[in-house]
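**Student:** Below is a structure I'd like to ask you about.
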Amino acid sequence: KETDQGLLIEDANNAVIKGNTIYHKDVTGVSIHRSQNASIANNVFTGIHRWFGIALVDSHNCTAIGNHLYNQSEAIFVQRTWDSHVVHNNIDSSFIGIVLRHGPGNNVIANNTVSACTHAGLWLDHTPFPNMFANNTIKHIGRFGCILSLASNAIVANNSFADFEVNWGENDALCTYNSYSNFIGNNYINGSSNGIIFLSSSNNTVGGNVVLNSEKGINLHYSSDNNTVTENMFANNSMNIVLDHSHNNTVRMNTFITFQRQGYDNGQNLWSYNY
């Protein structure tokens, strides 16, 4: 029958898709729907900047590991899927690298390399459930290194965001929009327009990050309230911390290696023990 899926696996357990070369022109490369314990490993996916390379939908305990995906719309797409791992994949020249949408939870996105994506490297969208992005390398991105939109309870930690494509306009290494109760920690950010930017996002913790050679280090805008910004290090940024129309934030024990402008604040916030 006519389908928009290349290889489609539905309502199955323990499927293994391994060691294939998959060229998918007008369809998704591999789609796993309503399945458990699937493994997608060591495949090569080449598209034409349309559809997904790998899609995990309404599934549980699946793994995508060691795949190379090139020229995709959204290289790895995860929707309403739980307890799954997307690890050690290499993604090049796509629109979005890895995206989790609409209710996924307890997923681990780790040790992936995402390069030359025009829009975003990592994206978590519309979920209140915990997910983790850790130890990923994101480079040569056009707009967002990582974006959290309407997302809560995520951990974004120990990732590297560097070498942004400055000729494509303003870029954000890590952006949150209407997102709450997330932890953003120990990330390395080099050479972005905005290192970390919050838009209408509250009750988050930003700690232990290193932000270098960026226009603005950490920015809170549009009623981003009750956040904690602590123990971050800044060097060679035009402005280190911006609190714009945001209140009741705590900024403490941050280190400013160079002193262009430490910060700007037009709200009611607490600053203490910053050096």
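Residue names in the structure tokens use chain letters A, B, ... in the order shown, residue numbers from 1 in each chain, and ligand numbers from 1 in the order shown.
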Give me, as an MDAnalysis selection string, all polymer residues having an atom no more than 6 Å from range 60-77 of chain A, counting only C-alpha atoms and skipping those fewer than 4 positions away in the same chain.

**Tutor:** chainID A and resid 36:55 81:99

**Student:** Fewer than 2 positions away in the same chain doesn't count, so skip those; otherwise give me all residues within 8 Å of Asn187 in chain A, counting only C-alpha atoms, as JSON, numbers by chain.

**Tutor:** {"A": [156, 157, 158, 159, 160, 161, 184, 185, 189, 208, 209, 210]}

**Student:** Taking C-alpha atoms for each residue, export the selection above as a tab-separated table (two decimals), in the first residue's frame.

**Tutor:**
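The resulting part29.tsv:
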chain	number	residue	atom	x	y	z
A	156	VAL	CA	20.60	19.42	29.72
A	157	ALA	CA	24.11	18.70	30.97
A	158	ASN	CA	27.72	18.29	29.87
A	159	ASN	CA	27.05	19.19	26.25
A	160	SER	CA	29.34	21.17	23.96
A	161	PHE	CA	27.94	23.95	21.73
A	184	ILE	CA	20.92	23.31	32.58
A	185	GLY	CA	24.36	22.47	33.89
A	189	ILE	CA	29.34	27.22	24.98
A	208	GLY	CA	28.28	25.26	36.22
A	209	ASN	CA	28.18	26.31	32.57
A	210	VAL	CA	31.11	27.90	30.74

**Student:** May I have the residues within 6 Å of Asn131 in chain A as a list of chain:residue names, using only C-alpha atoms and disregarding those fewer than 5 positions away in the same chain?

**Tutor:** A:Gly105, A:Asn106, A:Asn107, A:Ala154

**Student:** For the structure I just gave you, how does DSSP split range 19-150 of chain A - specifically, which residues are strand (DSSP E)? Reply as JSON, numbers by chain.

**Tutor:** {"A": [21, 22, 23, 28, 29, 30, 31, 32, 33, 39, 40, 41, 44, 45, 46, 52, 53, 54, 55, 56, 57, 63, 64, 65, 68, 69, 70, 74, 75, 76, 77, 78, 79, 85, 86, 87, 90, 91, 92, 96, 97, 98, 99, 100, 101, 107, 108, 109, 110, 113, 114, 115, 120, 121, 122, 123, 124, 125, 126, 127, 131, 132, 133, 134, 137, 138, 139, 144, 145, 146, 147, 148, 149, 150]}

**Student:** What does the structure give for the distance between CA of Asp225 in chain A and CA of Asn237 in chain A, in Å to one decimal?

**Tutor:**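 We find that CA of Asp225 in chain A and CA of Asn237 in chain A lie 23.4 Å from each other.
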
**Student:** Take CA of Ser115 in chain A and CA of Ala151 in chain A and report the distance between them in Å, one decimal.

**Tutor:**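 Between CA of Ser115 in chain A and CA of Ala151 in chain A the gap works out to 23.8 Å.
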
**Student:** Hey, what's within 12 Å of Leu270 in chain A if we count only C-alpha atoms and toss same-chain stuff fewer than 2 positions away? As a list in words, please?

**Tutor:**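 Within the cut-off, the hits are Asp225, Asn226, Asn227, Thr228, Val229, Thr230, Leu243, Ser246, His247, Asn248, Asn249, Thr250, Val251, Arg252, Met253, Asp265, Asn266, Gly267, Gln268, Ser272, Tyr273 and Asn274 of chain A.
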
**Student:** Measure the distance from CA of Asn203 in chain A to CA of Asn219 in chain A in Å and round it to one decimal.

**Tutor:**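 Calculated distance between CA of Asn203 in chain A and CA of Asn219 in chain A is 14.5 Å.
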